[in-house]
>>> print(open('structure-v3.cif').read())   # mmCIF, C-alpha atoms
data_final
loop_
_atom_site.group_PDB
_atom_site.id
_atom_site.type_symbol
_atom_site.label_atom_id
_atom_site.label_comp_id
_atom_site.auth_asym_id
_atom_site.auth_seq_id
_atom_site.Cartn_x
_atom_site.Cartn_y
_atom_site.Cartn_z
ATOM 1 C CA MET A 1 123.740 94.331 110.216
ATOM 2 C CA THR A 2 125.337 97.584 111.312
ATOM 3 C CA SER A 3 128.408 99.031 109.653
ATOM 4 C CA ALA A 4 130.386 98.174 112.776
ATOM 5 C CA GLN A 5 129.461 94.521 112.300
ATOM 6 C CA THR A 6 130.478 94.403 108.667
ATOM 7 C CA THR A 7 133.378 91.999 108.263
ATOM 8 C CA ARG A 8 135.802 91.108 105.547
ATOM 9 C CA ARG A 9 133.778 87.942 104.945
ATOM 10 C CA THR A 10 130.643 90.024 104.362
ATOM 11 C CA VAL A 11 132.430 92.162 101.791
ATOM 12 C CA LEU A 12 133.962 89.185 99.990
ATOM 13 C CA THR A 13 130.631 87.361 100.002
ATOM 14 C CA GLY A 14 129.018 90.323 98.284
ATOM 15 C CA MET A 15 131.822 90.433 95.733
ATOM 16 C CA ALA A 16 131.479 86.724 95.058
ATOM 17 C CA ALA A 17 127.752 87.117 94.504
ATOM 18 C CA THR A 18 128.405 89.906 92.049
ATOM 19 C CA ALA A 19 130.922 87.777 90.173
ATOM 20 C CA ALA A 20 128.425 84.944 90.035
ATOM 21 C CA LEU A 21 126.046 87.241 88.186
ATOM 22 C CA GLY A 22 128.755 87.798 85.570
ATOM 23 C CA LEU A 23 129.158 91.494 86.340
ATOM 24 C CA THR A 24 132.912 91.460 86.903
ATOM 25 C CA THR A 25 134.008 89.651 83.786
ATOM 26 C CA GLY A 26 136.556 91.209 81.443
ATOM 27 C CA THR A 27 138.285 90.266 78.240
ATOM 28 C CA ALA A 28 141.469 89.040 79.920
ATOM 29 C CA SER A 29 141.481 85.309 80.547
ATOM 30 C CA ALA A 30 143.435 83.263 83.039
ATOM 31 C CA GLY A 31 147.069 82.984 82.023
ATOM 32 C CA THR A 32 146.822 85.845 79.530
ATOM 33 C CA PRO A 33 149.151 88.726 80.397
ATOM 34 C CA GLY A 34 147.294 91.976 80.876
ATOM 35 C CA PRO A 35 148.407 95.389 79.633
ATOM 36 C CA ARG A 36 151.620 96.879 80.983
ATOM 37 C CA ILE A 37 150.746 100.442 81.923
ATOM 38 C CA GLY A 38 153.440 102.913 82.871
ATOM 39 C CA ILE A 39 152.854 106.360 84.345
ATOM 40 C CA LEU A 40 155.725 108.820 84.190
ATOM 41 C CA LEU A 41 156.397 110.968 87.242
ATOM 42 C CA TYR A 42 158.677 113.994 87.358
ATOM 43 C CA ASP A 43 159.288 116.759 89.837
ATOM 44 C CA GLY A 44 156.332 119.125 90.135
ATOM 45 C CA PHE A 45 153.613 116.953 88.580
ATOM 46 C CA SER A 46 149.970 117.553 89.548
ATOM 47 C CA LEU A 47 148.756 114.894 91.961
ATOM 48 C CA LEU A 48 145.478 113.828 90.353
ATOM 49 C CA ASP A 49 146.945 113.634 86.838
ATOM 50 C CA PRO A 50 148.630 110.244 87.438
ATOM 51 C CA THR A 51 146.728 108.970 90.469
ATOM 52 C CA GLY A 52 143.209 109.406 89.051
ATOM 53 C CA PRO A 53 143.943 107.245 85.997
ATOM 54 C CA ALA A 54 145.975 104.806 88.106
ATOM 55 C CA GLU A 55 142.979 104.216 90.378
ATOM 56 C CA LEU A 56 140.870 103.087 87.410
ATOM 57 C CA LEU A 57 143.465 101.394 85.218
ATOM 58 C CA SER A 58 144.757 99.261 88.082
ATOM 59 C CA ARG A 59 141.293 97.626 88.137
ATOM 60 C CA LEU A 60 141.654 96.304 84.586
ATOM 61 C CA PRO A 61 141.815 92.492 84.559
ATOM 62 C CA GLY A 62 145.436 91.394 84.547
ATOM 63 C CA ALA A 63 146.825 94.902 84.223
ATOM 64 C CA THR A 64 149.996 96.111 85.882
ATOM 65 C CA VAL A 65 150.359 99.830 86.621
ATOM 66 C CA THR A 66 153.823 101.109 87.420
ATOM 67 C CA MET A 67 154.925 104.569 88.479
ATOM 68 C CA ILE A 68 158.172 105.437 86.698
ATOM 69 C CA ALA A 69 160.574 108.375 87.062
ATOM 70 C CA GLU A 70 164.070 109.343 86.026
ATOM 71 C CA HIS A 71 165.205 107.832 89.321
ATOM 72 C CA ARG A 72 163.459 105.469 91.720
ATOM 73 C CA GLY A 73 161.982 106.922 94.881
ATOM 74 C CA PRO A 74 159.523 109.597 96.010
ATOM 75 C CA VAL A 75 158.636 112.344 93.534
ATOM 76 C CA ARG A 76 157.166 115.640 94.759
ATOM 77 C CA THR A 77 153.976 117.165 93.393
ATOM 78 C CA ASP A 78 153.599 120.791 92.326
ATOM 79 C CA THR A 79 152.342 121.848 95.769
ATOM 80 C CA ARG A 80 155.428 120.262 97.397
ATOM 81 C CA GLN A 81 153.115 118.813 100.048
ATOM 82 C CA VAL A 82 152.720 115.274 98.687
ATOM 83 C CA SER A 83 155.038 112.702 97.139
ATOM 84 C CA VAL A 84 154.283 109.609 95.067
ATOM 85 C CA LEU A 85 156.690 106.680 94.955
ATOM 86 C CA ALA A 86 158.259 105.793 91.618
ATOM 87 C CA GLU A 87 158.941 102.064 91.771
ATOM 88 C CA ARG A 88 161.035 101.950 88.589
ATOM 89 C CA SER A 89 163.482 104.248 86.857
ATOM 90 C CA VAL A 90 163.263 104.981 83.145
ATOM 91 C CA ALA A 91 166.469 102.975 82.678
ATOM 92 C CA GLU A 92 164.645 99.897 83.978
ATOM 93 C CA VAL A 93 161.647 100.116 81.651
ATOM 94 C CA GLY A 94 162.079 99.352 77.968
ATOM 95 C CA ARG A 95 158.575 98.497 76.799
ATOM 96 C CA LEU A 96 155.005 99.364 77.768
ATOM 97 C CA ASP A 97 151.596 98.774 76.256
ATOM 98 C CA VAL A 98 150.270 102.072 77.603
ATOM 99 C CA LEU A 99 152.247 105.179 78.519
ATOM 100 C CA LEU A 100 150.666 108.043 80.434
ATOM 101 C CA VAL A 101 152.419 111.390 80.888
ATOM 102 C CA PRO A 102 150.812 113.673 83.490
ATOM 103 C CA GLY A 103 150.842 117.450 83.582
ATOM 104 C CA ALA A 104 152.367 119.805 86.107
ATOM 105 C CA GLY A 105 152.689 123.388 87.174
ATOM 106 C CA ASN A 106 154.608 125.721 84.883
ATOM 107 C CA ARG A 107 158.039 124.975 86.337
ATOM 108 C CA GLY A 108 157.515 121.224 86.319
ATOM 109 C CA THR A 109 156.169 121.145 82.774
ATOM 110 C CA VAL A 110 158.955 123.321 81.369
ATOM 111 C CA ALA A 111 161.650 121.318 83.165
ATOM 112 C CA ALA A 112 160.241 118.032 81.810
ATOM 113 C CA MET A 113 159.998 119.496 78.293
ATOM 114 C CA GLN A 114 163.692 120.365 78.487
ATOM 115 C CA ASN A 115 164.854 117.080 80.026
ATOM 116 C CA PRO A 116 166.580 115.030 77.295
ATOM 117 C CA VAL A 117 166.566 111.859 79.407
ATOM 118 C CA LEU A 118 162.780 111.924 79.782
ATOM 119 C CA LEU A 119 162.112 112.964 76.181
ATOM 120 C CA ASP A 120 164.383 110.268 74.745
ATOM 121 C CA TRP A 121 162.747 107.652 76.967
ATOM 122 C CA ILE A 122 159.237 108.759 75.928
ATOM 123 C CA ARG A 123 160.209 108.443 72.255
ATOM 124 C CA ARG A 124 161.691 104.972 72.772
ATOM 125 C CA ILE A 125 158.666 103.745 74.692
ATOM 126 C CA ASP A 126 156.258 105.197 72.129
ATOM 127 C CA ARG A 127 157.759 103.013 69.390
ATOM 128 C CA HIS A 128 156.143 99.940 70.950
ATOM 129 C CA THR A 129 153.083 101.237 72.785
ATOM 130 C CA THR A 130 149.529 100.472 71.830
ATOM 131 C CA TRP A 131 148.470 103.779 73.389
ATOM 132 C CA THR A 132 150.539 106.851 74.258
ATOM 133 C CA THR A 133 148.559 109.258 76.423
ATOM 134 C CA SER A 134 148.773 112.443 78.435
ATOM 135 C CA VAL A 135 146.795 114.419 80.978
ATOM 136 C CA CYS A 136 146.715 118.209 81.219
ATOM 137 C CA THR A 137 150.035 119.832 80.239
ATOM 138 C CA GLY A 138 151.484 116.379 79.709
ATOM 139 C CA ALA A 139 150.418 117.052 76.108
ATOM 140 C CA LEU A 140 153.118 119.722 75.909
ATOM 141 C CA ILE A 141 155.691 117.141 76.963
ATOM 142 C CA LEU A 142 154.466 114.787 74.234
ATOM 143 C CA GLY A 143 154.738 117.750 71.885
ATOM 144 C CA ALA A 144 158.330 118.388 72.966
ATOM 145 C CA ALA A 145 159.038 114.720 72.229
ATOM 146 C CA GLY A 146 157.615 115.207 68.726
ATOM 147 C CA LEU A 147 154.642 112.891 69.201
ATOM 148 C CA LEU A 148 151.673 115.194 68.567
ATOM 149 C CA ARG A 149 149.974 115.321 65.186
ATOM 150 C CA ASP A 150 147.116 117.409 63.838
ATOM 151 C CA ARG A 151 145.110 118.086 67.007
ATOM 152 C CA ALA A 152 145.144 117.539 70.762
ATOM 153 C CA THR A 153 143.754 118.838 74.015
ATOM 154 C CA THR A 154 145.452 120.083 77.149
ATOM 155 C CA TYR A 155 144.821 122.398 80.089
ATOM 156 C CA TRP A 156 142.749 125.344 78.868
ATOM 157 C CA ALA A 157 145.330 127.958 79.837
ATOM 158 C CA SER A 158 147.950 126.163 77.697
ATOM 159 C CA ALA A 159 145.846 126.010 74.524
ATOM 160 C CA ASN A 160 147.639 128.880 72.766
ATOM 161 C CA TYR A 161 151.030 127.421 73.622
ATOM 162 C CA LEU A 162 150.006 124.078 72.160
ATOM 163 C CA GLU A 163 149.117 125.708 68.873
ATOM 164 C CA SER A 164 151.888 128.298 68.612
ATOM 165 C CA THR A 165 154.743 126.009 69.651
ATOM 166 C CA PHE A 166 153.800 122.687 68.106
ATOM 167 C CA GLY A 167 151.394 123.709 65.342
ATOM 168 C CA VAL A 168 148.748 121.406 66.790
ATOM 169 C CA LYS A 169 145.104 122.476 66.822
ATOM 170 C CA TYR A 170 143.676 122.731 70.328
ATOM 171 C CA VAL A 171 140.355 120.912 70.712
ATOM 172 C CA PRO A 172 138.380 121.820 73.872
ATOM 173 C CA ARG A 173 137.233 118.297 74.733
ATOM 174 C CA ARG A 174 137.800 116.040 77.710
ATOM 175 C CA TYR A 175 140.015 113.793 75.589
ATOM 176 C CA VAL A 176 141.126 113.711 71.969
ATOM 177 C CA ARG A 177 142.419 110.700 70.063
ATOM 178 C CA VAL A 178 144.677 110.956 67.022
ATOM 179 C CA GLY A 179 145.893 107.523 65.999
ATOM 180 C CA LYS A 180 147.354 105.882 69.084
ATOM 181 C CA VAL A 181 147.965 109.189 70.880
ATOM 182 C CA ILE A 182 145.223 110.258 73.291
ATOM 183 C CA THR A 183 145.469 113.569 75.118
ATOM 184 C CA ALA A 184 143.210 114.615 77.998
ATOM 185 C CA ALA A 185 142.296 118.085 79.203
ATOM 186 C CA GLY A 186 143.138 119.426 82.649
ATOM 187 C CA VAL A 187 143.667 117.263 85.752
ATOM 188 C CA SER A 188 140.244 115.661 86.351
ATOM 189 C CA ALA A 189 139.875 114.806 82.650
ATOM 190 C CA GLY A 190 142.434 112.067 83.248
ATOM 191 C CA ILE A 191 139.655 110.005 84.825
ATOM 192 C CA ASP A 192 137.608 110.266 81.630
ATOM 193 C CA LEU A 193 140.706 109.285 79.660
ATOM 194 C CA ALA A 194 141.205 106.247 81.888
ATOM 195 C CA LEU A 195 137.635 105.089 81.320
ATOM 196 C CA TYR A 196 138.079 105.467 77.579
ATOM 197 C CA LEU A 197 141.304 103.445 77.772
ATOM 198 C CA ALA A 198 139.509 100.784 79.796
ATOM 199 C CA PHE A 199 136.921 100.591 77.013
ATOM 200 C CA LEU A 200 139.598 100.327 74.313
ATOM 201 C CA ILE A 201 141.547 97.670 76.205
ATOM 202 C CA ALA A 202 138.862 95.542 77.811
ATOM 203 C CA GLY A 203 135.529 96.478 76.251
ATOM 204 C CA GLU A 204 132.526 98.519 77.272
ATOM 205 C CA GLU A 205 131.168 96.139 79.909
ATOM 206 C CA THR A 206 134.428 96.120 81.855
ATOM 207 C CA ALA A 207 134.803 99.895 81.516
ATOM 208 C CA ARG A 208 131.278 100.388 82.829
ATOM 209 C CA GLY A 209 132.021 98.016 85.691
ATOM 210 C CA ILE A 210 135.122 99.964 86.643
ATOM 211 C CA GLN A 211 133.187 103.226 86.518
ATOM 212 C CA LEU A 212 130.645 101.830 88.952
ATOM 213 C CA ALA A 213 133.331 100.212 91.102
ATOM 214 C CA VAL A 214 134.861 103.625 91.791
ATOM 215 C CA GLU A 215 131.416 105.313 91.799
ATOM 216 C CA TYR A 216 132.440 107.878 89.228
ATOM 217 C CA ASP A 217 129.207 109.812 88.788
ATOM 218 C CA PRO A 218 130.223 113.459 89.141
ATOM 219 C CA HIS A 219 127.653 116.078 90.081
ATOM 220 C CA PRO A 220 129.751 119.054 91.188
ATOM 221 C CA PRO A 221 128.149 121.682 93.403
ATOM 222 C CA PHE A 222 129.115 124.460 90.977
ATOM 223 C CA ASP A 223 128.837 124.875 87.222
ATOM 224 C CA SER A 224 132.247 126.480 86.832
ATOM 225 C CA GLY A 225 134.515 123.804 85.386
ATOM 226 C CA ASP A 226 134.296 124.826 81.733
ATOM 227 C CA ALA A 227 136.780 127.491 80.654
ATOM 228 C CA ALA A 228 134.662 128.280 77.595
ATOM 229 C CA THR A 229 131.879 129.667 79.791
ATOM 230 C CA ALA A 230 133.987 131.060 82.652
ATOM 231 C CA SER A 231 134.344 134.798 83.182
ATOM 232 C CA PRO A 232 137.749 136.478 82.837
ATOM 233 C CA GLN A 233 137.651 137.159 86.577
ATOM 234 C CA LEU A 234 137.107 133.481 87.408
ATOM 235 C CA LYS A 235 139.889 132.419 85.050
ATOM 236 C CA ALA A 236 142.251 134.888 86.697
ATOM 237 C CA LEU A 237 141.288 133.572 90.137
ATOM 238 C CA ALA A 238 141.816 129.963 89.049
ATOM 239 C CA LEU A 239 145.286 130.691 87.735
ATOM 240 C CA ARG A 240 146.188 132.717 90.823
ATOM 241 C CA LEU A 241 145.117 129.867 93.123
ATOM 242 C CA LEU A 242 147.234 127.436 91.135
ATOM 243 C CA ALA A 243 150.249 129.736 91.198
ATOM 244 C CA GLU A 244 149.967 130.405 94.933
ATOM 245 C CA SER A 245 149.655 126.711 95.741
ATOM 246 C CA GLN A 246 152.897 126.020 93.864
ATOM 247 C CA GLU A 247 155.064 128.664 95.538
#
>>> encode(input="structure-v3.cif", output="structure tokens")
Amino acid sequence: MTSAQTTRRTVLTGMAATAALGLTTGTASAGTPGPRIGILLYDGFSLLDPTGPAELLSRLPGATVTMIAEHRGPVRTDTRQVSVLAERSVAEVGRLDVLLVPGAGNRGTVAAMQNPVLLDWIRRIDRHTTWTTSVCTGALILGAAGLLRDRATTYWASANYLESTFGVKYVPRRYVRVGKVITAAGVSAGIDLALYLAFLIAGEETARGIQLAVEYDPHPPFDSGDAATASPQLKALALRLLAESQE
């Protein structure tokens, strides 16, 4: 059968066969509410920070993933070229099982760190969460809310700020867990965080199934994603490209 002849029935038949082999089972059972996952958006966030984790976490059995902002409606990313729709305002959301705070460019991060409405809401939500998480400079926002303890990770260029401002040791790992708070490193590390959350929530088999479902098997063409081994020139270029894309 050619790709042009592939139909919806063909796809669903393949999915049904997979389910029959027991490869799509999770820990959630029929009638059992799944985790309520909320992702905070704010002006100037980085696009992949919330959408990468949302892609994976929305596949958890029974899960609901909601984009939330200070006000309902479209929220612009740091490049100002893309918007993501916030379906709920912070005033409408009182409890979550999982909270995820994404990072942003400098202006967006600083503005969020100084926004009392967002910080108060994060603190209130954290009182009842099972997991409170961040991606990239979202860790700085958790820090501004007073939720970081001992150690954390964040975007590599913000490591010194994390330590000097909040007294939290920077750990250069893809994600770092301290109690119920899990911080992820820059942008793409949010996908690793989401897989770890899937494991914590639904078990290893389901997490592995989700990883395969989205074919997350990265083999980048360049070995230049680790700030610890990058040259000063490459770091300067990376930061310049980010700054220019956010003008």
>>> axis_aligned_box(input="structure-v3.cif", around="stretch 115-133 of chain A", padding_each_side="5 Å", output="AutoDock Vina command-line options")
--center_x 157.5 --center_y 108.5 --center_z 74.7 --size_x 28.1 --size_y 27.1 --size_z 20.6
>>> atom_distance(input="structure-v3.cif", atom1="atom CA of A:Val110", atom2="atom CA of A:Ile141")
8.3 Å
>>> residues_near_point(input="structure-v3.cif", point="(158.4, 100.5, 77.9)", cutoff="9 Å", atoms="all atoms listed in the file", output="list in words")
Arg36, Ile37, Gly38, Val90, Glu92, Val93, Gly94, Arg95, Leu96, Asp97, Val98, Leu99, Trp121, Ile122, Arg124, Ile125, Asp126, Arg127, His128 and Thr129 of chain A
>>> resolve_selection(input="structure-v3.cif", expression="the PyMOL selection byres ((chain A and resi 167) around 10)", output="VMD selection string")
chain A and resid 143 148 to 151 160 to 166 168 to 170
>>> atom_distance(input="structure-v3.cif", atom1="atom CA of A:Thr153", atom2="atom CA of A:Ser134")
9.3 Å
>>> atom_distance(input="structure-v3.cif", atom1="atom CA of A:Ala112", atom2="atom CA of A:Gly138")
9.2 Å
>>> closest_residue(input="structure-v3.cif", among="A:Ala207, A:Cys136, A:Leu56, A:Ala63", to="A:Gly105", atoms="only C-alpha atoms")
A:Cys136
>>> closest_residue(input="structure-v3.cif", among="A:Ala184, A:Val178, A:Val75, A:Ala69", to="A:Leu147", atoms="only C-alpha atoms")
A:Val178
>>> resolve_selection(input="structure-v3.cif", expression="the PyMOL selection byres ((chain A and resi 214) around 12)", output="VMD selection string")
chain A and resid 52 to 59 191 195 207 to 213 215 to 218
>>> closest_residue(input="structure-v3.cif", among="A:Ile201, A:Gly225, A:Ala104, A:Trp131", to="A:Lys180", atoms="all atoms listed in the file")
A:Trp131
>>> closest_residue(input="structure-v3.cif", among="A:Ala157, A:Pro220, A:Leu142, A:Tyr175", to="A:Lys235", atoms="all atoms listed in the file")
A:Ala157
